[in-house]
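To be precise, the following lines are input_22.cif, and they hold mmCIF, C-alpha atoms.
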data_final
loop_
_atom_site.group_PDB
_atom_site.id
_atom_site.type_symbol
_atom_site.label_atom_id
_atom_site.label_comp_id
_atom_site.auth_asym_id
_atom_site.auth_seq_id
_atom_site.Cartn_x
_atom_site.Cartn_y
_atom_site.Cartn_z
ATOM 1 C CA MET Z 1 14.819 58.984 -23.070
ATOM 2 C CA LEU Z 2 12.934 56.111 -24.682
ATOM 3 C CA ARG Z 3 11.969 56.350 -28.334
ATOM 4 C CA VAL Z 4 8.403 55.433 -29.277
ATOM 5 C CA VAL Z 5 6.716 54.606 -32.568
ATOM 6 C CA LEU Z 6 3.094 55.757 -32.325
ATOM 7 C CA GLY Z 7 0.131 53.471 -32.973
ATOM 8 C CA PRO Z 8 -1.778 51.339 -33.484
ATOM 9 C CA ARG Z 9 -4.603 52.953 -31.451
ATOM 10 C CA THR Z 10 -3.723 56.659 -31.325
ATOM 11 C CA GLU Z 11 -7.272 57.488 -32.501
ATOM 12 C CA TRP Z 12 -8.511 56.285 -29.106
ATOM 13 C CA PHE Z 13 -6.767 59.242 -27.451
ATOM 14 C CA ALA Z 14 -7.502 62.959 -27.298
ATOM 15 C CA PRO Z 15 -5.186 65.031 -29.529
ATOM 16 C CA ALA Z 16 -3.378 66.381 -26.440
ATOM 17 C CA ALA Z 17 -2.474 62.864 -25.232
ATOM 18 C CA ILE Z 18 0.564 62.592 -27.539
ATOM 19 C CA GLY Z 19 1.879 65.859 -26.111
ATOM 20 C CA THR Z 20 1.236 64.573 -22.601
ATOM 21 C CA LEU Z 21 3.095 61.333 -23.357
ATOM 22 C CA THR Z 22 6.155 63.084 -24.806
ATOM 23 C CA GLY Z 23 6.069 66.464 -23.089
ATOM 24 C CA ARG Z 24 6.943 65.519 -19.541
ATOM 25 C CA ALA Z 25 8.757 62.989 -17.401
ATOM 26 C CA TRP Z 26 6.916 59.944 -16.052
ATOM 27 C CA THR Z 27 7.659 58.289 -12.699
ATOM 28 C CA VAL Z 28 8.200 54.523 -12.495
ATOM 29 C CA THR Z 29 5.935 53.161 -9.751
ATOM 30 C CA PRO Z 30 6.794 50.430 -7.218
ATOM 31 C CA ARG Z 31 4.104 48.256 -8.879
ATOM 32 C CA SER Z 32 6.457 47.689 -11.844
ATOM 33 C CA ASP Z 33 7.788 44.185 -12.541
ATOM 34 C CA ARG Z 34 8.782 41.913 -15.445
ATOM 35 C CA VAL Z 35 5.257 42.234 -16.845
ATOM 36 C CA GLY Z 36 5.491 45.978 -17.243
ATOM 37 C CA VAL Z 37 6.814 49.316 -16.141
ATOM 38 C CA ARG Z 38 3.849 51.074 -14.554
ATOM 39 C CA LEU Z 39 4.105 54.810 -14.956
ATOM 40 C CA GLU Z 40 2.590 57.695 -13.054
ATOM 41 C CA GLY Z 41 1.987 61.201 -14.304
ATOM 42 C CA ALA Z 42 -0.709 63.331 -15.911
ATOM 43 C CA PRO Z 43 -3.325 60.889 -17.268
ATOM 44 C CA LEU Z 44 -3.436 60.287 -21.017
ATOM 45 C CA GLU Z 45 -6.896 61.468 -21.958
ATOM 46 C CA ARG Z 46 -8.963 59.229 -24.177
ATOM 47 C CA ALA Z 47 -11.209 60.305 -27.032
ATOM 48 C CA GLN Z 48 -13.085 56.970 -26.876
ATOM 49 C CA GLU Z 49 -14.256 55.149 -23.770
ATOM 50 C CA GLY Z 50 -14.512 51.418 -23.167
ATOM 51 C CA GLU Z 51 -12.280 48.531 -24.098
ATOM 52 C CA LEU Z 52 -11.217 46.961 -27.366
ATOM 53 C CA PRO Z 53 -11.760 43.332 -28.231
ATOM 54 C CA SER Z 54 -8.623 41.495 -27.115
ATOM 55 C CA GLU Z 55 -5.769 41.961 -29.573
ATOM 56 C CA GLY Z 56 -2.101 41.103 -29.664
ATOM 57 C CA ALA Z 57 0.503 43.160 -27.837
ATOM 58 C CA VAL Z 58 4.276 43.202 -28.296
ATOM 59 C CA THR Z 59 7.102 43.744 -25.850
ATOM 60 C CA GLY Z 60 7.544 47.505 -25.646
ATOM 61 C CA ALA Z 61 3.861 48.313 -26.225
ATOM 62 C CA ILE Z 62 2.505 51.176 -24.123
ATOM 63 C CA GLN Z 63 -0.983 50.153 -23.067
ATOM 64 C CA VAL Z 64 -3.255 52.684 -21.399
ATOM 65 C CA PRO Z 65 -5.945 51.460 -18.974
ATOM 66 C CA PRO Z 66 -8.974 53.649 -18.158
ATOM 67 C CA ASP Z 67 -7.120 55.590 -15.421
ATOM 68 C CA GLY Z 68 -4.825 57.029 -18.136
ATOM 69 C CA GLN Z 69 -1.614 55.837 -16.454
ATOM 70 C CA PRO Z 70 0.474 53.990 -19.086
ATOM 71 C CA VAL Z 71 2.014 50.554 -18.703
ATOM 72 C CA LEU Z 72 5.119 49.758 -20.774
ATOM 73 C CA PHE Z 73 5.090 46.021 -21.497
ATOM 74 C CA LEU Z 74 8.247 44.047 -20.671
ATOM 75 C CA PRO Z 75 9.205 40.388 -21.402
ATOM 76 C CA ASP Z 76 6.510 38.721 -19.266
ATOM 77 C CA HIS Z 77 3.644 40.849 -20.612
ATOM 78 C CA PRO Z 78 0.297 39.313 -21.568
ATOM 79 C CA LEU Z 79 0.081 38.306 -25.215
ATOM 80 C CA THR Z 80 -3.284 40.015 -25.647
ATOM 81 C CA GLY Z 81 -5.047 42.941 -24.075
ATOM 82 C CA GLY Z 82 -8.180 45.032 -24.367
ATOM 83 C CA TYR Z 83 -6.884 48.498 -23.515
ATOM 84 C CA PRO Z 84 -5.675 50.753 -26.325
ATOM 85 C CA ILE Z 85 -1.969 50.905 -27.163
ATOM 86 C CA ILE Z 86 -0.763 54.423 -27.900
ATOM 87 C CA GLY Z 87 2.669 53.351 -29.147
ATOM 88 C CA ALA Z 88 5.619 51.043 -28.661
ATOM 89 C CA VAL Z 89 9.165 51.616 -27.487
ATOM 90 C CA VAL Z 90 11.667 50.809 -30.236
ATOM 91 C CA ASP Z 91 13.518 47.503 -29.839
ATOM 92 C CA ALA Z 92 16.886 49.209 -29.364
ATOM 93 C CA ASP Z 93 15.595 50.954 -26.202
ATOM 94 C CA LEU Z 94 13.932 47.956 -24.518
ATOM 95 C CA ASP Z 95 17.003 46.949 -22.483
ATOM 96 C CA LEU Z 96 17.096 50.433 -20.948
ATOM 97 C CA ALA Z 97 13.366 50.265 -20.177
ATOM 98 C CA GLY Z 98 13.842 46.965 -18.350
ATOM 99 C CA GLN Z 99 16.441 48.544 -16.047
ATOM 100 C CA LEU Z 100 14.248 51.397 -14.781
ATOM 101 C CA PRO Z 101 13.939 51.153 -10.986
ATOM 102 C CA PRO Z 102 10.937 52.380 -8.987
ATOM 103 C CA GLY Z 103 11.113 56.143 -8.556
ATOM 104 C CA ALA Z 104 13.088 56.704 -11.771
ATOM 105 C CA ARG Z 105 11.887 59.399 -14.134
ATOM 106 C CA VAL Z 106 11.628 58.602 -17.835
ATOM 107 C CA ARG Z 107 10.687 60.592 -20.917
ATOM 108 C CA PHE Z 108 9.434 59.480 -24.313
ATOM 109 C CA ALA Z 109 10.318 60.881 -27.726
ATOM 110 C CA ILE Z 110 8.574 60.056 -30.976
ATOM 111 C CA ALA Z 111 10.758 58.019 -33.336
ATOM 112 C CA ASP Z 112 9.889 57.730 -36.965
ATOM 113 C CA ALA Z 113 9.482 54.201 -38.281
ATOM 114 C CA ALA Z 114 12.493 54.555 -40.618
ATOM 115 C CA SER Z 115 14.956 55.269 -37.782
ATOM 116 C CA ALA Z 116 13.452 52.489 -35.657
ATOM 117 C CA ASP Z 117 13.837 50.069 -38.575
ATOM 118 C CA ALA Z 118 17.435 51.238 -39.128
ATOM 119 C CA ASP Z 119 18.300 50.528 -35.483
ATOM 120 C CA HIS Z 120 16.680 47.106 -35.732
ATOM 121 C CA ALA Z 121 18.679 46.256 -38.872
ATOM 122 C CA ARG Z 122 22.079 46.917 -37.273
ATOM 123 C CA PRO Z 123 24.191 43.724 -37.177
ATOM 124 C CA ASP Z 124 24.770 44.120 -33.420
ATOM 125 C CA HIS Z 125 21.024 44.273 -32.835
ATOM 126 C CA ALA Z 126 20.027 40.635 -33.369
ATOM 127 C CA ARG Z 127 17.154 40.391 -30.881
ATOM 128 C CA SER Z 128 14.137 38.231 -30.291
ATOM 129 C CA ASP Z 129 10.721 39.678 -29.430
ATOM 130 C CA HIS Z 130 11.707 39.585 -25.765
ATOM 131 C CA GLY Z 131 14.807 41.759 -26.111
ATOM 132 C CA ALA Z 132 17.284 39.007 -25.215
ATOM 133 C CA PRO Z 133 20.219 38.393 -27.531
ATOM 134 C CA ALA Z 134 19.284 35.920 -30.243
#
Rewritten as structure tokens:
Amino acid sequence: MLRVVLGPRTEWFAPAAIGTLTGRAWTVTPRSDRVGVRLEGAPLERAQEGELPSEGAVTGAIQVPPDGQPVLFLPDHPLTGGYPIIGAVVDADLDLAGQLPPGARVRFAIADAASADADHARPDHARSDHGAPA
């Protein structure tokens, strides 16, 4: 289970998309690499079509291209992107995300920002943006 903080572009998705993201297991595809974990499952339906102007993306962001199949960004992800980001995996769970092999099944759970911040503030959680020990 990977915890996710929703945003910043949840308004780009149909109301049912959050339930789709968190309500079932996703399969890690063989196309996954250090750029991102490519997931396969029921498509995340958008409420808005098109692309955004390029904007910054962080490690752990879950970007959703037009096919609705999410990509969880890992350390070698692009710094900007034009597809909406539905949420981001909390820093404390990024190491687990990076270990998911093709064929693995993974689920997401919504984390509130306060618990994600509490995990980040732990003394044993000194991490850079790329999830490597500082």
Inset, instruction - Evaluate the PyMOL selection byres ((chain Z and resi 65) around 10) here and jot the selected residues down as a PyMOL selection string. - result: chain Z and resi 43-44+46+50-51+62-64+66-71+81-85
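For the choices Z:Ala97, Z:Val5, Z:Leu79, Z:Ala57, the atom-to-atom distance to Leu21 (chain Z) is smallest for Z:Val5 when using only C-alpha atoms.
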Legend entry - Given the PyMOL selection byres ((chain Z and resi 93) around 10), the residues it picks as a PyMOL selection string: chain Z and resi 1-4+60+89-92+94-98+116+119+131
Inset, instruction - Rank Z:Val37, Z:Leu6, Z:Ala104, Z:Leu72 by their smallest atom-to-atom distance to Gly87 (chain Z), using only C-alpha atoms, and report the top residue only. - result: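 Among the listed residues, the smallest separation from Gly87 (chain Z) belongs to Z:Leu6.
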Kindly provide, as lines of an AutoDock Vina configuration file, the centre and edge lengths (Å, one decimal) of an axis-aligned box around all atoms of region 39-57 of chain Z given in the file, with 8 Å on each side.
center_x = -5.2
center_y = 52.2
center_z = -21.4
size_x = 34.6
size_y = 38.2
size_z = 32.6
Inset, instruction - Find the residue from Z:Val58, Z:Ala114, Z:Leu39, Z:Ala109 that sits nearest to Pro78 (chain Z); use all atoms listed in the file when measuring. - result: Z:Val58
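With only C-alpha atoms as the atoms that count, the minimum distance from Pro15 (chain Z) to the choices Z:Ala47, Z:Thr80, Z:Pro53, Z:Val35 is reached by Z:Ala47.
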Legend entry - Atom pair CA of Asp33 (chain Z) / CA of Ala61 (chain Z): separation (Å):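 Atom-to-atom, CA of Asp33 (chain Z) and CA of Ala61 (chain Z) are spaced 14.8 Å apart.
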Inset, instruction - Report the residues retrieved by the PyMOL selection byres ((chain Z and resi 25) around 6) from the displayed file, expressed as a list in words. - result: Arg24, Trp26, Arg105, Val106 and Arg107 of chain Z
Inset, instruction - Rank Z:Arg31, Z:Arg9, Z:Gly56, Z:Ala88 by their smallest atom-to-atom distance to Ile110 (chain Z), using all atoms listed in the file, and report the top residue only. - result: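 Result for the nearest residue to Ile110 (chain Z): Z:Ala88.
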Inset, instruction - Figure out the distance between CA of Trp12 (chain Z) and CA of Glu49 (chain Z), please, to one decimal in Å. - result: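 CA of Trp12 (chain Z) lies at a distance of 7.9 Å from CA of Glu49 (chain Z).
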Inset, instruction - Calculate how many Å separate CA of Arg38 (chain Z) from CA of Asp112 (chain Z), rounding to one decimal. - result: 24.1 Å
Legend entry - Nearby residues (all atoms listed in the file) at most 9 Å from Gly103 (chain Z), same-chain spacing under 6 positions excluded, as number ranges by chain: Z: 27-30
